[in-house]
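Structure record follows, encoded as structure tokens.
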Amino acid sequence: MLYSPLLSFFRFLICVPWVLVVGLLQFLNLIFFKKHFFFFYKIFFNGLRKIFGIKINLSGFPERKNVLFISNHISYLDILVLGSLINAVFVAKSDIKKWPIINKLCLIGKTIFIERENTRLVGEQMRLIEKNMKEGINVILFPEGTSSDGSKVLKFKSSLFKLIDSEKLEDFRIQPISITYNKLDGLPLDKFFRPFLAWFGGMDLLSHAWKFLGLGISEVNVKFHDPKNFKFFSDRKHACRFSYEIISNQVKQDFRSLEIDNKIKLYEFKFL
């Protein structure tokens, strides 16, 4: 795996007009063709995913309507991956409202902004998400509240799972999604290379994205687990624990497979 600043520049040159043109089409679509909101939305994310060189290994099937998707969170790349696969809007932290350009894209993507640390606003934020879901819009939630290096799933925050208590959403389902970035340039992603894809801690977004653009093809495993109706859960903590265990167990399983792949590669290398 080699980093190429020339590849970074080349992909950037393709990325800018793509964002401007398809972003404009999505804006016009949002105004005039609201029923077909996700048409350019998915084209936009699929294009970015291909420009970024992300290959998806998909298992399971996403629900099409009346669903709250719950996923672990590793990187801004998760947005491109999930946005290219499902018709749903994202719930994001309010800090992103201050990010130039990205905040405009979030606006035309109907992103729902919340302040996770402000417990006084939980009720109001729940009503906002509920309003979108009642209007037939699926929602994607990252309950970890932040991203990680992907080696394990951080504890989920249960506050936003309070949605399952709403009588107006009793026909909705929760569908857990597990994401694992597993290869870069065909090589198993070990601990050393993981930060090239994962974005967490105090990493600078622009420098990280620029470096990523100069890398080869990355691969990500995305698994859609079986959905459960809101009525299945006794309370929000039950829903939170259920989602966490399913996603966490899958991530552990994926990393065990990665460790085996690494050992096989090392074994083969010894006999070259």
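Residues are named by chain letter and number: chains run A, B, ... in the order of the structure tokens, numbers start at 1 in each chain, and ligands are numbered from 1 in the order shown.
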For the interface of stretch 27-107 of chain A with stretch 181-185 of chain A (cut-off 10 Å, counting only C-alpha atoms), please tabulate each contacting residue of stretch 27-107 of chain A alongside its nearest pair of atoms and their separation in Å to one decimal, rows sorted by chain and increasing number, as a tab-separated table.
residue	atom	partner	partner_atom	distance
A:Gly53	CA	A:Asp185	CA	9.9
A:Ile54	CA	A:Leu184	CA	9.3
A:Lys55	CA	A:Lys183	CA	9.4
A:Ile56	CA	A:Tyr181	CA	9.3
A:Asn57	CA	A:Asn182	CA	9.7
A:Ile74	CA	A:Tyr181	CA	8.6
A:Ser75	CA	A:Tyr181	CA	9.8
A:Leu77	CA	A:Tyr181	CA	9.9
A:Asp78	CA	A:Tyr181	CA	9.7
I'd like a table as JSON lines: residues in stretch 173-255 of chain A with an atom no more than 12 Å from stretch 84-92 of chain A, each row giving the shortest atom pair and its distance in Å to one decimal, only C-alpha atoms counted, sorted by chain and rising residue number.
{"residue": "A:Gln175", "atom": "CA", "partner": "A:Ile86", "partner_atom": "CA", "distance": 11.8}
{"residue": "A:Ile177", "atom": "CA", "partner": "A:Ile86", "partner_atom": "CA", "distance": 11.3}
{"residue": "A:Val222", "atom": "CA", "partner": "A:Leu85", "partner_atom": "CA", "distance": 9.8}
{"residue": "A:Lys223", "atom": "CA", "partner": "A:Leu85", "partner_atom": "CA", "distance": 11.3}
{"residue": "A:Phe224", "atom": "CA", "partner": "A:Leu85", "partner_atom": "CA", "distance": 10.6}
- Task: Name the residues of stretch 10-253 of chain A that come out as alpha helix (DSSP H) in a backbone DSSP run; write them as a PyMOL selection string.
- Result: chain A and resi 10-32+37-52+77-83+102-108+122-134+205-213+236-253
I need the residues from that last selection saved to file as an mmCIF file, in the first residue's frame (with C-alpha atoms), if you can.
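Here's the written file out-v1.cif:
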data_model
loop_
_atom_site.group_PDB
_atom_site.id
_atom_site.type_symbol
_atom_site.label_atom_id
_atom_site.label_comp_id
_atom_site.auth_asym_id
_atom_site.auth_seq_id
_atom_site.Cartn_x
_atom_site.Cartn_y
_atom_site.Cartn_z
ATOM 1 C CA PHE A 10 -6.845 13.496 -9.317
ATOM 2 C CA ARG A 11 -9.705 12.260 -7.133
ATOM 3 C CA PHE A 12 -10.179 15.749 -5.704
ATOM 4 C CA LEU A 13 -10.534 17.177 -9.214
ATOM 5 C CA ILE A 14 -13.295 14.658 -9.922
ATOM 6 C CA CYS A 15 -14.927 15.074 -6.509
ATOM 7 C CA VAL A 16 -15.449 18.862 -6.647
ATOM 8 C CA PRO A 17 -17.560 19.037 -9.836
ATOM 9 C CA TRP A 18 -19.466 15.912 -8.750
ATOM 10 C CA VAL A 19 -20.423 17.523 -5.434
ATOM 11 C CA LEU A 20 -21.381 20.806 -7.109
ATOM 12 C CA VAL A 21 -23.418 19.344 -9.973
ATOM 13 C CA VAL A 22 -25.214 16.513 -8.172
ATOM 14 C CA GLY A 23 -25.599 18.667 -5.054
ATOM 15 C CA LEU A 24 -27.392 21.277 -7.187
ATOM 16 C CA LEU A 25 -29.609 18.606 -8.758
ATOM 17 C CA GLN A 26 -30.502 17.325 -5.290
ATOM 18 C CA PHE A 27 -31.337 20.865 -4.178
ATOM 19 C CA LEU A 28 -33.691 21.317 -7.152
ATOM 20 C CA ASN A 29 -35.110 17.858 -6.536
ATOM 21 C CA LEU A 30 -35.782 18.807 -2.921
ATOM 22 C CA ILE A 31 -37.811 21.819 -4.057
ATOM 23 C CA PHE A 32 -39.758 20.415 -7.012
ATOM 24 C CA PHE A 37 -36.012 12.859 -2.657
ATOM 25 C CA PHE A 38 -33.704 9.828 -2.521
ATOM 26 C CA PHE A 39 -33.126 9.545 -6.291
ATOM 27 C CA PHE A 40 -30.232 12.024 -6.562
ATOM 28 C CA TYR A 41 -29.418 11.464 -2.887
ATOM 29 C CA LYS A 42 -28.253 7.898 -3.585
ATOM 30 C CA ILE A 43 -26.641 8.860 -6.903
ATOM 31 C CA PHE A 44 -24.647 11.482 -4.998
ATOM 32 C CA PHE A 45 -23.336 9.040 -2.383
ATOM 33 C CA ASN A 46 -22.714 6.225 -4.869
ATOM 34 C CA GLY A 47 -20.619 8.575 -6.991
ATOM 35 C CA LEU A 48 -18.544 9.735 -4.019
ATOM 36 C CA ARG A 49 -18.058 6.150 -2.889
ATOM 37 C CA LYS A 50 -16.659 5.196 -6.286
ATOM 38 C CA ILE A 51 -14.459 8.296 -6.461
ATOM 39 C CA PHE A 52 -13.103 7.467 -3.009
ATOM 40 C CA LEU A 77 -16.827 7.187 5.195
ATOM 41 C CA ASP A 78 -19.765 5.483 6.937
ATOM 42 C CA ILE A 79 -21.969 8.276 5.565
ATOM 43 C CA LEU A 80 -20.924 7.544 1.976
ATOM 44 C CA VAL A 81 -21.364 3.805 2.464
ATOM 45 C CA LEU A 82 -24.796 3.868 4.126
ATOM 46 C CA GLY A 83 -26.047 6.786 2.041
ATOM 47 C CA ILE A 102 -20.545 20.012 4.558
ATOM 48 C CA ASN A 103 -23.270 21.834 6.485
ATOM 49 C CA LYS A 104 -24.878 22.871 3.168
ATOM 50 C CA LEU A 105 -24.807 19.273 1.942
ATOM 51 C CA CYS A 106 -26.380 18.170 5.221
ATOM 52 C CA LEU A 107 -29.122 20.738 4.700
ATOM 53 C CA ILE A 108 -30.151 19.413 1.277
ATOM 54 C CA VAL A 122 -33.824 15.305 24.603
ATOM 55 C CA GLY A 123 -37.628 15.573 24.475
ATOM 56 C CA GLU A 124 -37.565 18.244 21.776
ATOM 57 C CA GLN A 125 -35.039 16.263 19.735
ATOM 58 C CA MET A 126 -37.145 13.124 20.033
ATOM 59 C CA ARG A 127 -40.149 15.001 18.660
ATOM 60 C CA LEU A 128 -38.083 16.235 15.713
ATOM 61 C CA ILE A 129 -36.914 12.731 14.792
ATOM 62 C CA GLU A 130 -40.409 11.350 15.392
ATOM 63 C CA LYS A 131 -41.893 13.998 13.089
ATOM 64 C CA ASN A 132 -39.601 12.883 10.253
ATOM 65 C CA MET A 133 -40.410 9.222 10.821
ATOM 66 C CA LYS A 134 -44.179 9.883 10.889
ATOM 67 C CA LEU A 205 -10.767 16.016 8.927
ATOM 68 C CA LEU A 206 -9.254 17.701 5.860
ATOM 69 C CA SER A 207 -5.770 16.181 6.162
ATOM 70 C CA HIS A 208 -7.248 12.745 6.890
ATOM 71 C CA ALA A 209 -9.572 12.916 3.865
ATOM 72 C CA TRP A 210 -6.758 14.141 1.601
ATOM 73 C CA LYS A 211 -4.509 11.283 2.664
ATOM 74 C CA PHE A 212 -7.331 8.779 2.177
ATOM 75 C CA LEU A 213 -7.941 10.047 -1.366
ATOM 76 C CA ARG A 236 -35.401 1.962 25.462
ATOM 77 C CA LYS A 237 -32.643 0.232 27.442
ATOM 78 C CA HIS A 238 -33.756 -3.132 26.125
ATOM 79 C CA ALA A 239 -33.658 -1.789 22.540
ATOM 80 C CA CYS A 240 -30.258 -0.221 23.164
ATOM 81 C CA ARG A 241 -28.790 -3.412 24.666
ATOM 82 C CA PHE A 242 -30.257 -5.586 21.906
ATOM 83 C CA SER A 243 -28.779 -3.420 19.125
ATOM 84 C CA TYR A 244 -25.410 -3.121 20.836
ATOM 85 C CA GLU A 245 -24.996 -6.858 21.369
ATOM 86 C CA ILE A 246 -25.860 -7.770 17.783
ATOM 87 C CA ILE A 247 -23.568 -5.145 16.233
ATOM 88 C CA SER A 248 -20.738 -5.686 18.727
ATOM 89 C CA ASN A 249 -20.766 -9.462 18.239
ATOM 90 C CA GLN A 250 -20.641 -9.073 14.463
ATOM 91 C CA VAL A 251 -17.711 -6.637 14.652
ATOM 92 C CA LYS A 252 -15.831 -9.076 16.902
ATOM 93 C CA GLN A 253 -16.517 -11.881 14.444
#
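Taking atom CA of A:Pro62 and atom CA of A:Ile179 as endpoints, the distance between them is 13.6 Å.
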- Task: Name the residues in contact with A:Asn72 at a cut-off of 7 Å, using only C-alpha atoms, excluding same-chain residues fewer than 5 positions from it; report them as a ChimeraX atom specification.
- Result: /A:142,144,153,178-179
Limited to N, CA and C atoms, could you put the picked residues into a file as a compact mmCIF listing (two decimals), in the first residue's frame?
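To be explicit, this is the file written out as again12.txt:
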# COMPACT_ATOMS: atom_id res chain seq x y z
N PHE A 142 -26.45 6.76 14.91
CA PHE A 142 -25.18 6.23 15.42
C PHE A 142 -25.18 6.42 16.94
N GLU A 144 -23.33 5.42 19.35
CA GLU A 144 -22.07 5.58 20.09
C GLU A 144 -21.82 7.05 20.42
N VAL A 153 -16.87 -1.86 19.37
CA VAL A 153 -18.01 -0.93 19.38
C VAL A 153 -18.09 -0.27 20.75
N SER A 178 -24.04 -3.52 11.05
CA SER A 178 -22.65 -3.56 11.51
C SER A 178 -21.73 -3.21 10.35
N ILE A 179 -20.75 -2.35 10.63
CA ILE A 179 -19.79 -1.90 9.62
C ILE A 179 -18.38 -2.26 10.08
- Item | Counting only C-alpha atoms, the option among A:Thr146, A:Ser159, A:Phe255, A:Ile137 closest to A:Arg194 |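 Checking each candidate against A:Arg194, we get A:Phe255 as the closest.
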- For atom CA of A:Lys162 and atom CA of A:Thr180, determine how far apart the two atoms are, in Å to one decimal place.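 Interatomic distance here is 26.8 Å.
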- Message: Given only C-alpha atoms as the basis, pick out the residue of A:Phe61, A:Phe172, A:Phe232, A:Tyr3 nearest to A:Asn138.
- Response: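 Using only C-alpha atoms, the shortest distance to A:Asn138 belongs to A:Phe172.
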- Residue set, stretch 39-272 of chain A restricted to strand (DSSP E), as JSON, numbers by chain: {"A": [54, 55, 56, 57, 58, 59, 67, 68, 69, 70, 71, 89, 90, 91, 92, 93, 112, 113, 114, 139, 140, 141, 173, 174, 175, 176, 177, 178, 179, 180, 181, 182, 183, 184, 187, 188, 218, 219, 220, 221, 222, 223, 224, 228, 229]}
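Comparing A:Val67, A:Leu160, A:Leu6, A:Ala198 by their smallest distance to A:Arg173, the closest is A:Val67 (using only C-alpha atoms).
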